[in-house]
>>> print(open('model.cif').read())   # mmCIF, C-alpha atoms and all ligand atoms
data_data
#
loop_
_atom_site.label_atom_id
_atom_site.label_comp_id
_atom_site.auth_asym_id
_atom_site.auth_seq_id
_atom_site.Cartn_x
_atom_site.Cartn_y
_atom_site.Cartn_z
CA MET H 1 -2.42 -25.60 -2.85
CA ALA H 2 -0.02 -23.44 -0.89
CA LYS H 3 1.81 -24.15 2.37
CA ILE H 4 0.82 -21.27 4.62
CA LEU H 5 2.15 -19.69 7.82
CA ILE H 6 -0.03 -17.36 9.89
CA VAL H 7 1.71 -15.23 12.51
CA GLY H 8 -0.52 -13.70 15.19
CA ALA H 9 -3.22 -16.32 14.65
CA ASN H 10 -4.93 -15.57 17.98
CA GLY H 11 -5.79 -12.00 16.94
CA GLN H 12 -8.98 -10.74 15.33
CA ILE H 13 -8.09 -11.46 11.67
CA GLY H 14 -6.19 -14.65 12.46
CA SER H 15 -9.14 -16.08 14.39
CA GLU H 16 -11.10 -16.29 11.11
CA LEU H 17 -8.41 -16.37 8.41
CA VAL H 18 -6.93 -19.67 9.62
CA GLY H 19 -10.23 -21.52 9.03
CA ALA H 20 -10.86 -19.86 5.66
CA LEU H 21 -7.39 -20.78 4.40
CA ALA H 22 -7.57 -24.29 5.85
CA ALA H 23 -10.85 -24.85 3.95
CA LYS H 24 -9.12 -23.83 0.71
CA HIS H 25 -5.65 -25.30 1.10
CA GLY H 26 -6.19 -28.20 3.52
CA ALA H 27 -5.94 -28.13 7.30
CA GLN H 28 -2.46 -29.68 7.27
CA ASN H 29 -1.14 -26.93 5.02
CA VAL H 30 -1.99 -24.04 7.34
CA ILE H 31 0.29 -23.51 10.34
CA ALA H 32 -1.15 -21.07 12.85
CA THR H 33 1.31 -19.44 15.26
CA ASP H 34 1.14 -16.96 18.09
CA ILE H 35 3.26 -15.94 21.05
CA SER H 36 0.84 -17.62 23.45
CA PRO H 37 0.84 -21.40 24.02
CA ASN H 38 -2.98 -21.34 23.93
CA ASN H 39 -4.53 -22.35 20.63
CA LEU H 40 -7.48 -20.00 21.23
CA TYR H 41 -9.46 -20.76 18.08
CA ALA H 42 -8.69 -24.48 17.72
CA ALA H 43 -6.44 -24.15 14.66
CA PRO H 44 -5.81 -27.62 13.19
CA ARG H 45 -2.02 -27.00 13.34
CA TYR H 46 -0.76 -24.59 15.98
CA GLN H 47 2.61 -23.71 17.44
CA VAL H 48 4.23 -21.00 19.52
CA LEU H 49 6.24 -18.41 17.56
CA ASP H 50 7.55 -15.03 18.69
CA ILE H 51 7.74 -12.94 15.53
CA LEU H 52 10.63 -10.99 17.06
CA ASP H 53 12.70 -14.22 17.05
CA LYS H 54 13.91 -14.09 13.45
CA ALA H 55 15.97 -17.28 13.68
CA ALA H 56 12.94 -19.26 14.88
CA LEU H 57 10.83 -17.75 12.09
CA ALA H 58 13.44 -18.60 9.41
CA LYS H 59 13.75 -22.17 10.77
CA LEU H 60 10.00 -22.77 10.70
CA VAL H 61 9.68 -21.34 7.18
CA GLU H 62 12.55 -23.57 5.99
CA GLU H 63 11.37 -26.75 7.72
CA GLU H 64 7.78 -26.39 6.54
CA GLU H 65 8.70 -25.04 3.09
CA ILE H 66 6.26 -22.16 3.45
CA ASP H 67 5.00 -20.52 0.22
CA GLN H 68 2.76 -17.86 1.78
CA VAL H 69 2.97 -15.98 5.08
CA TYR H 70 0.43 -13.70 6.76
CA GLN H 71 2.10 -11.46 9.38
CA LEU H 72 -0.79 -10.36 11.60
CA ALA H 73 0.94 -9.83 14.98
CA ALA H 74 0.58 -6.17 16.04
CA LEU H 75 -0.49 -3.78 18.77
CA LEU H 76 -3.51 -1.72 17.61
CA SER H 77 -4.11 2.04 17.91
CA ALA H 78 -5.37 2.40 21.49
CA THR H 79 -3.08 -0.22 23.08
CA GLY H 80 -0.21 1.18 21.02
CA GLU H 81 -0.66 4.62 22.62
CA ALA H 82 -0.32 3.01 26.06
CA ALA H 83 2.99 1.35 25.09
CA PRO H 84 4.48 3.23 22.09
CA LEU H 85 7.96 1.66 22.09
CA LYS H 86 6.55 -1.85 22.43
CA ALA H 87 4.12 -1.13 19.58
CA TRP H 88 6.88 0.22 17.36
CA THR H 89 9.18 -2.74 18.01
CA LEU H 90 6.51 -5.39 17.48
CA ASN H 91 4.90 -3.73 14.47
CA MET H 92 8.11 -2.78 12.64
CA ASP H 93 10.57 -5.53 13.58
CA GLY H 94 7.87 -8.16 13.06
CA LEU H 95 7.34 -6.97 9.48
CA LEU H 96 11.07 -6.55 8.80
CA ASN H 97 11.79 -10.09 10.01
CA ILE H 98 9.19 -11.50 7.60
CA LEU H 99 10.43 -9.38 4.68
CA GLU H 100 14.04 -10.38 5.34
CA VAL H 101 13.18 -14.08 5.53
CA ALA H 102 11.21 -13.69 2.27
CA ARG H 103 14.14 -11.90 0.61
CA VAL H 104 16.63 -14.59 1.61
CA ARG H 105 14.31 -17.35 0.42
CA LEU H 106 13.72 -15.60 -2.89
CA GLU H 107 17.48 -15.30 -3.40
CA ALA H 108 17.72 -19.04 -2.75
CA GLY H 109 15.12 -19.67 -5.48
CA LYS H 110 12.25 -20.33 -3.06
CA PRO H 111 9.75 -17.46 -3.48
CA MET H 112 7.42 -16.81 -0.56
CA GLN H 113 4.41 -14.49 -0.86
CA VAL H 114 3.87 -12.09 2.06
CA PHE H 115 0.66 -10.54 3.34
CA TRP H 116 0.84 -7.75 5.89
CA PRO H 117 -2.12 -5.64 7.07
CA SER H 118 -2.01 -1.87 6.85
CA SER H 119 -4.86 0.27 8.19
CA ILE H 120 -6.86 3.47 7.83
CA ALA H 121 -4.66 4.55 10.77
CA ALA H 122 -1.90 5.28 8.23
CA PHE H 123 -3.87 8.42 7.33
CA GLY H 124 -3.92 11.55 9.48
CA PRO H 125 -5.51 14.92 10.24
CA ASN H 126 -4.51 16.48 6.90
CA THR H 127 -5.76 13.58 4.79
CA PRO H 128 -8.95 14.38 2.82
CA PRO H 129 -11.48 12.53 5.02
CA VAL H 130 -14.26 11.73 2.54
CA ASN H 131 -13.64 9.23 -0.26
CA THR H 132 -9.96 9.33 0.74
CA PRO H 133 -7.84 8.75 -2.38
CA GLN H 134 -5.39 5.87 -2.76
CA MET H 135 -2.50 8.35 -3.08
CA THR H 136 -2.84 11.37 -0.79
CA VAL H 137 -1.43 13.17 2.24
CA MET H 138 -0.54 10.65 4.96
CA ASP H 139 0.44 12.19 8.31
CA PRO H 140 -0.60 9.66 10.98
CA SER H 141 -0.50 10.86 14.57
CA THR H 142 -0.53 7.56 16.50
CA ILE H 143 2.44 5.22 16.91
CA TYR H 144 0.30 2.49 15.33
CA GLY H 145 -0.46 4.68 12.31
CA ILE H 146 3.19 5.72 11.99
CA SER H 147 4.20 2.04 12.04
CA LYS H 148 1.59 1.30 9.35
CA LEU H 149 2.83 4.08 7.09
CA ALA H 150 6.48 3.07 7.59
CA GLY H 151 5.45 -0.56 6.99
CA GLU H 152 3.80 0.38 3.70
CA ARG H 153 7.02 2.05 2.57
CA LEU H 154 9.01 -1.06 3.58
CA CYS H 155 6.67 -3.34 1.63
CA GLU H 156 7.06 -1.23 -1.50
CA TYR H 157 10.82 -1.10 -0.98
CA TYR H 158 11.20 -4.87 -0.67
CA PHE H 159 9.13 -5.36 -3.80
CA ALA H 160 10.98 -2.71 -5.85
CA LYS H 161 14.49 -3.56 -4.67
CA TYR H 162 14.34 -7.34 -4.21
CA GLY H 163 11.18 -8.50 -5.99
CA VAL H 164 9.52 -9.87 -2.81
CA ASP H 165 5.84 -10.53 -3.67
CA VAL H 166 4.34 -8.58 -0.79
CA ARG H 167 0.71 -7.43 -0.73
CA SER H 168 -1.31 -5.34 1.70
CA ILE H 169 -4.68 -3.78 2.45
CA ARG H 170 -5.50 -0.64 4.44
CA TYR H 171 -8.23 -2.27 6.51
CA PRO H 172 -11.10 -0.16 7.76
CA GLY H 173 -12.31 -1.03 11.29
CA ILE H 174 -13.09 -4.76 11.15
CA ILE H 175 -16.26 -5.90 12.90
CA SER H 176 -16.54 -9.52 13.96
CA TYR H 177 -18.02 -11.73 16.66
CA LYS H 178 -15.48 -14.51 17.15
CA SER H 179 -12.75 -12.62 19.02
CA PRO H 180 -13.27 -10.02 21.79
CA PRO H 181 -12.58 -6.30 21.13
CA GLY H 182 -8.77 -6.03 20.94
CA GLY H 183 -7.51 -2.52 21.73
CA GLY H 184 -8.56 -0.67 18.57
CA THR H 185 -10.32 2.68 18.24
CA THR H 186 -12.93 1.15 15.92
CA ASP H 187 -13.65 -1.61 18.46
CA TYR H 188 -16.57 0.36 19.92
CA ALA H 189 -18.48 -1.16 16.99
CA ILE H 190 -17.88 -4.64 18.47
CA ALA H 191 -18.23 -3.76 22.16
CA ILE H 192 -21.65 -2.16 21.48
CA PHE H 193 -23.07 -5.56 20.43
CA HIS H 194 -21.78 -7.23 23.58
CA ALA H 195 -23.54 -4.56 25.68
CA ALA H 196 -26.77 -4.93 23.69
CA LEU H 197 -26.81 -8.70 24.22
CA LYS H 198 -26.09 -8.33 27.94
CA ASN H 199 -28.98 -5.82 28.24
CA GLU H 200 -26.53 -3.15 29.40
CA THR H 201 -26.44 0.54 28.50
CA TYR H 202 -23.46 0.98 26.19
CA SER H 203 -21.00 3.66 27.28
CA CYS H 204 -19.48 4.80 23.99
CA PHE H 205 -15.92 6.15 24.02
CA LEU H 206 -16.45 8.04 20.72
CA GLU H 207 -18.80 10.95 20.04
CA ALA H 208 -22.15 10.14 18.46
CA ASP H 209 -21.32 11.63 15.05
CA THR H 210 -17.84 10.13 14.55
CA THR H 211 -18.13 8.49 11.15
CA LEU H 212 -15.46 5.88 10.37
CA PRO H 213 -14.96 3.36 7.57
CA MET H 214 -15.77 -0.19 8.69
CA ILE H 215 -15.96 -3.65 7.15
CA TYR H 216 -17.60 -6.88 8.26
CA MET H 217 -15.22 -9.79 8.80
CA PRO H 218 -16.45 -12.05 5.94
CA ASP H 219 -15.79 -9.21 3.48
CA ALA H 220 -12.36 -8.55 5.08
CA ILE H 221 -11.38 -12.23 4.80
CA ARG H 222 -12.59 -12.42 1.21
CA ALA H 223 -10.62 -9.25 0.34
CA THR H 224 -7.47 -10.71 1.85
CA ILE H 225 -7.74 -14.00 -0.03
CA GLU H 226 -8.75 -12.35 -3.32
CA LEU H 227 -5.76 -10.00 -3.14
CA MET H 228 -3.37 -12.90 -2.43
CA GLU H 229 -4.81 -15.00 -5.27
CA ALA H 230 -4.69 -12.22 -7.90
CA PRO H 231 -1.97 -12.57 -10.58
CA SER H 232 1.16 -10.72 -9.51
CA ALA H 233 1.14 -8.65 -12.72
CA ASN H 234 -2.21 -7.11 -11.69
CA ILE H 235 -0.92 -5.85 -8.35
CA ALA H 236 0.18 -2.31 -9.19
CA ILE H 237 0.13 -1.11 -5.56
CA ARG H 238 2.82 -2.66 -3.38
CA SER H 239 2.34 -0.33 -0.42
CA ALA H 240 -1.30 -1.11 0.54
CA TYR H 241 -4.69 -0.91 -1.16
CA ASN H 242 -7.61 1.19 0.07
CA ILE H 243 -10.74 -0.95 0.43
CA ASP H 244 -14.12 0.48 1.37
CA GLY H 245 -16.89 -1.39 3.13
CA LEU H 246 -19.44 0.56 5.18
CA SER H 247 -19.37 4.00 6.77
CA PHE H 248 -21.42 4.84 9.85
CA ASN H 249 -21.15 6.65 13.17
CA PRO H 250 -21.94 5.34 16.68
CA GLN H 251 -25.44 6.84 16.68
CA GLU H 252 -26.31 5.21 13.35
CA LEU H 253 -25.01 1.86 14.55
CA PHE H 254 -26.90 2.24 17.83
CA GLU H 255 -30.12 2.95 15.91
CA ALA H 256 -29.60 -0.08 13.66
CA ILE H 257 -29.19 -2.27 16.75
CA ARG H 258 -32.15 -0.64 18.55
CA ALA H 259 -34.32 -1.48 15.54
CA LYS H 260 -33.80 -5.12 16.60
CA ARG H 261 -33.59 -4.59 20.38
CA PRO H 262 -35.88 -1.63 21.23
CA GLU H 263 -34.88 -1.54 24.91
CA PHE H 264 -31.20 -0.92 24.12
CA GLN H 265 -29.67 2.35 25.48
CA ILE H 266 -26.46 4.26 24.80
CA GLU H 267 -24.56 7.05 26.57
CA TYR H 268 -21.61 9.01 25.18
CA LYS H 269 -18.41 9.38 27.23
CA PRO H 270 -15.69 10.22 24.69
CA ASP H 271 -12.13 9.53 25.87
CA ALA H 272 -8.64 9.75 24.28
CA ARG H 273 -9.75 7.43 21.49
CA GLN H 274 -11.94 10.26 20.15
CA GLN H 275 -8.73 12.23 19.41
CA ILE H 276 -7.48 9.27 17.36
CA ALA H 277 -10.75 8.69 15.52
CA LYS H 278 -11.08 12.28 14.41
CA THR H 279 -7.79 12.05 12.47
CA TRP H 280 -9.00 9.06 10.42
CA PRO H 281 -10.99 9.04 7.16
CA GLN H 282 -14.76 8.59 6.99
CA SER H 283 -14.80 6.67 3.70
CA LEU H 284 -12.23 5.46 1.18
CA ASP H 285 -11.87 5.57 -2.59
CA ASP H 286 -11.12 1.93 -3.43
CA SER H 287 -11.21 2.21 -7.22
CA LYS H 288 -7.62 0.87 -7.55
CA ALA H 289 -8.57 -2.30 -5.66
CA GLN H 290 -11.66 -2.64 -7.87
CA GLN H 291 -9.60 -2.25 -11.05
CA ASP H 292 -6.58 -4.36 -10.10
CA TRP H 293 -8.16 -7.38 -8.39
CA GLY H 294 -11.92 -6.94 -8.63
CA TRP H 295 -12.64 -5.84 -5.06
CA GLU H 296 -16.26 -5.23 -4.11
CA ALA H 297 -17.83 -5.18 -0.62
CA HIS H 298 -20.99 -7.29 -0.22
CA ILE H 299 -22.31 -6.89 3.32
CA SER H 300 -24.73 -4.09 4.32
CA LEU H 301 -25.23 -2.58 7.79
CA PRO H 302 -28.58 -4.39 8.43
CA GLN H 303 -27.00 -7.74 7.45
CA LEU H 304 -24.04 -7.05 9.73
CA VAL H 305 -26.31 -6.18 12.66
CA ASP H 306 -28.45 -9.32 12.22
CA ASP H 307 -25.40 -11.55 11.95
CA MET H 308 -23.60 -10.02 14.94
CA LEU H 309 -26.69 -10.28 17.16
CA ALA H 310 -27.22 -13.89 16.09
CA ASN H 311 -23.62 -15.03 16.65
CA ILE H 312 -22.05 -13.24 19.61
CA THR H 313 -21.89 -15.32 22.74
CA VAL H 314 -21.83 -13.23 25.91
C1 LIG Q 1 -7.82 0.16 15.29
O1 LIG Q 1 -8.89 0.74 15.58
O2 LIG Q 1 -6.74 0.40 15.83
C2 LIG Q 1 -7.85 -0.87 14.18
C3 LIG Q 1 -7.54 -0.28 12.86
C4 LIG Q 1 -8.47 0.68 12.24
O3 LIG Q 1 -6.53 -0.57 12.30
N1 LIG Q 1 -9.13 -1.52 14.14
#
>>> encode(input="model.cif", output="structure tokens", more="lines below")
Ligand code: AKB
Amino acid sequence: MAKILIVGANGQIGSELVGALAAKHGAQNVIATDISPNNLYAAPRYQVLDILDKAALAKLVEEEEIDQVYQLAALLSATGEAAPLKAWTLNMDGLLNILEVARVRLEAGKPMQVFWPSSIAAFGPNTPPVNTPQMTVMDPSTIYGISKLAGERLCEYYFAKYGVDVRSIRYPGIISYKSPPGGGTTDYAIAIFHAALKNETYSCFLEADTTLPMIYMPDAIRATIELMEAPSANIAIRSAYNIDGLSFNPQELFEAIRAKRPEFQIEYKPDARQQIAKTWPQSLDDSKAQQDWGWEAHISLPQLVDDMLANITV
């Protein structure tokens, strides 16, 4: 059993990862933290932590003798564009603080594994969009994507130079029902379910044919835990792994929902998020993740739609 710290526990991934790790490692061994005093998802152990306060982070890691940290605090693509400097500072300094604390602990003989999420946003307009390779052109055009690409380079650097056991995934758009849509470009695929359940016409901010790679939360959580549990020798990629889940566009998702709720309506009003989405891949080649740690997505679009409609509370 590991002693685990989760930073940004009130966000989309944290809202579900805390419970999954607590079930595996024991509720007392998982410390959920966020900048807010509100323990939004009833984590068994919760405390306030500002990831930009490196001294407070180092103190908590030392006191609790943390073996594994998940640094999930970030501003996403759309909110990042509204506040680029804030996004850069939070996304980069947050990661650097974790990597530095991990380096110092390793040098003191106390290794600490690090997980940090990258994203399909690290790709850009010149990336091959279909079956995007693991190694390819990466020219992100959002501040969020630039921070993800720089973060990937930092992760690889801290592994190569200092031996910090850092691991990462380029998440597709994650779809889930527990937390509300949180400022991402792929979040239309969550908001659409809320509209369907409220019997509202969904006003989609992307064009109907904008295909993006997506993944359902249980697959995303399983990927994260499987990557962290894999033997270190198997982890050949220390920047971030491509993982593929599902690919669909807003019209296809709308039709899958309308198959269950025939009265549901959609209208298309693309906004600035369309400009972001069109620079991202449509599907990913995840053969390295398959080879190195056995990754395989399980959940289909019809299963996702049934589960979302059954579980969202509006
Ligand atoms: C976003 O849309 O910003 C995120 C992501 C793809 O990283 N969901």
>>> residues_near_ligand(input="model.cif", ligand="ligand LIG 1 (chain Q)", cutoff="6 Å", atoms="all atoms listed in the file", output="ChimeraX atom specification")
/H:76-77,119-121,172-174,184-186
>>> closest_residue(input="model.cif", among="H:Gly26, H:Gly294, H:Gly163, H:Pro250", to="H:Met214", atoms="all atoms listed in the file")
H:Pro250
>>> closest_atom_pairs(input="model.cif", of="stretch 69-158 of chain H", to="stretch 216-234 of chain H", cutoff="9 Å", atoms="all atoms listed in the file", output="JSON lines")
{"residue": "H:Gln113", "atom": "CA", "partner": "H:Met228", "partner_atom": "CA", "distance": 8.1}
{"residue": "H:Val114", "atom": "CA", "partner": "H:Met228", "partner_atom": "CA", "distance": 8.6}
{"residue": "H:Phe115", "atom": "CA", "partner": "H:Met228", "partner_atom": "CA", "distance": 7.4}
>>> residues_around(input="model.cif", residues="H:Ala236", least_positions_apart="4", cutoff="10 Å", atoms="only C-alpha atoms", output="list in words")
Arg167, Ser232, Ala240, Tyr241, Lys288, Ala289, Gln291, Asp292 and Trp293 of chain H
>>> closest_residue(input="model.cif", among="H:Arg170, H:Tyr202, H:Ile35, H:Ala87", to="H:Thr132", atoms="all atoms listed in the file")
H:Arg170
>>> atom_distance(input="model.cif", atom1="atom CA of H:Glu65", atom2="atom CA of H:Leu17")
19.9 Å
>>> residues_around(input="model.cif", residues="H:Asp53", least_positions_apart="5", cutoff="9 Å", atoms="all atoms listed in the file", output="list in words")
Ala58, Gly94 and Asn97 of chain H
>>> closest_residue(input="model.cif", among="H:Ser283, H:Asn91, H:Asn199, H:Ser141", to="H:Arg261", atoms="all atoms listed in the file")
H:Asn199
>>> closest_residue(input="model.cif", among="H:Leu246, H:Ala150, H:Ala2, H:Ala208", to="H:Gln303", atoms="only C-alpha atoms")
H:Leu246
>>> closest_residue(input="model.cif", among="H:Glu100, H:Glu107, H:Asp244, H:Glu200", to="H:Asp286", atoms="all atoms listed in the file")
H:Asp244
>>> closest_residue(input="model.cif", among="H:Ile276, H:Leu284, H:Ile190, H:Ala160", to="H:Leu253", atoms="all atoms listed in the file")
H:Ile190
>>> atom_distance(input="model.cif", atom1="atom CA of H:Pro117", atom2="atom CA of H:Ser168")
5.4 Å
>>> atom_distance(input="model.cif", atom1="atom CA of H:Leu52", atom2="atom CA of H:Gly80")
16.8 Å
>>> residues_near_point(input="model.cif", point="(-7.7, -15.8, 13.5)", cutoff="10 Å", atoms="all atoms listed in the file", output="JSON, numbers by chain")
{"H": [6, 7, 8, 9, 10, 11, 12, 13, 14, 15, 16, 17, 18, 19, 20, 32, 33, 40, 41, 42, 43, 72, 178, 179]}
>>> residues_around(input="model.cif", residues="H:Leu212", least_positions_apart="3", cutoff="7 Å", atoms="only C-alpha atoms", output="PyMOL selection string")
chain H and resi 247-249+281-283
>>> write_last_selection(input="model.cif", atoms="C-alpha atoms", output="PDB file, keeping the file's coordinate frame")
ATOM      1  CA  SER H 247     -19.370   4.000   6.770  1.00  0.00           C
ATOM      2  CA  PHE H 248     -21.420   4.840   9.850  1.00  0.00           C
ATOM      3  CA  ASN H 249     -21.150   6.650  13.170  1.00  0.00           C
ATOM      4  CA  PRO H 281     -10.990   9.040   7.160  1.00  0.00           C
ATOM      5  CA  GLN H 282     -14.760   8.590   6.990  1.00  0.00           C
ATOM      6  CA  SER H 283     -14.800   6.670   3.700  1.00  0.00           C
TER       7      SER H 283
END
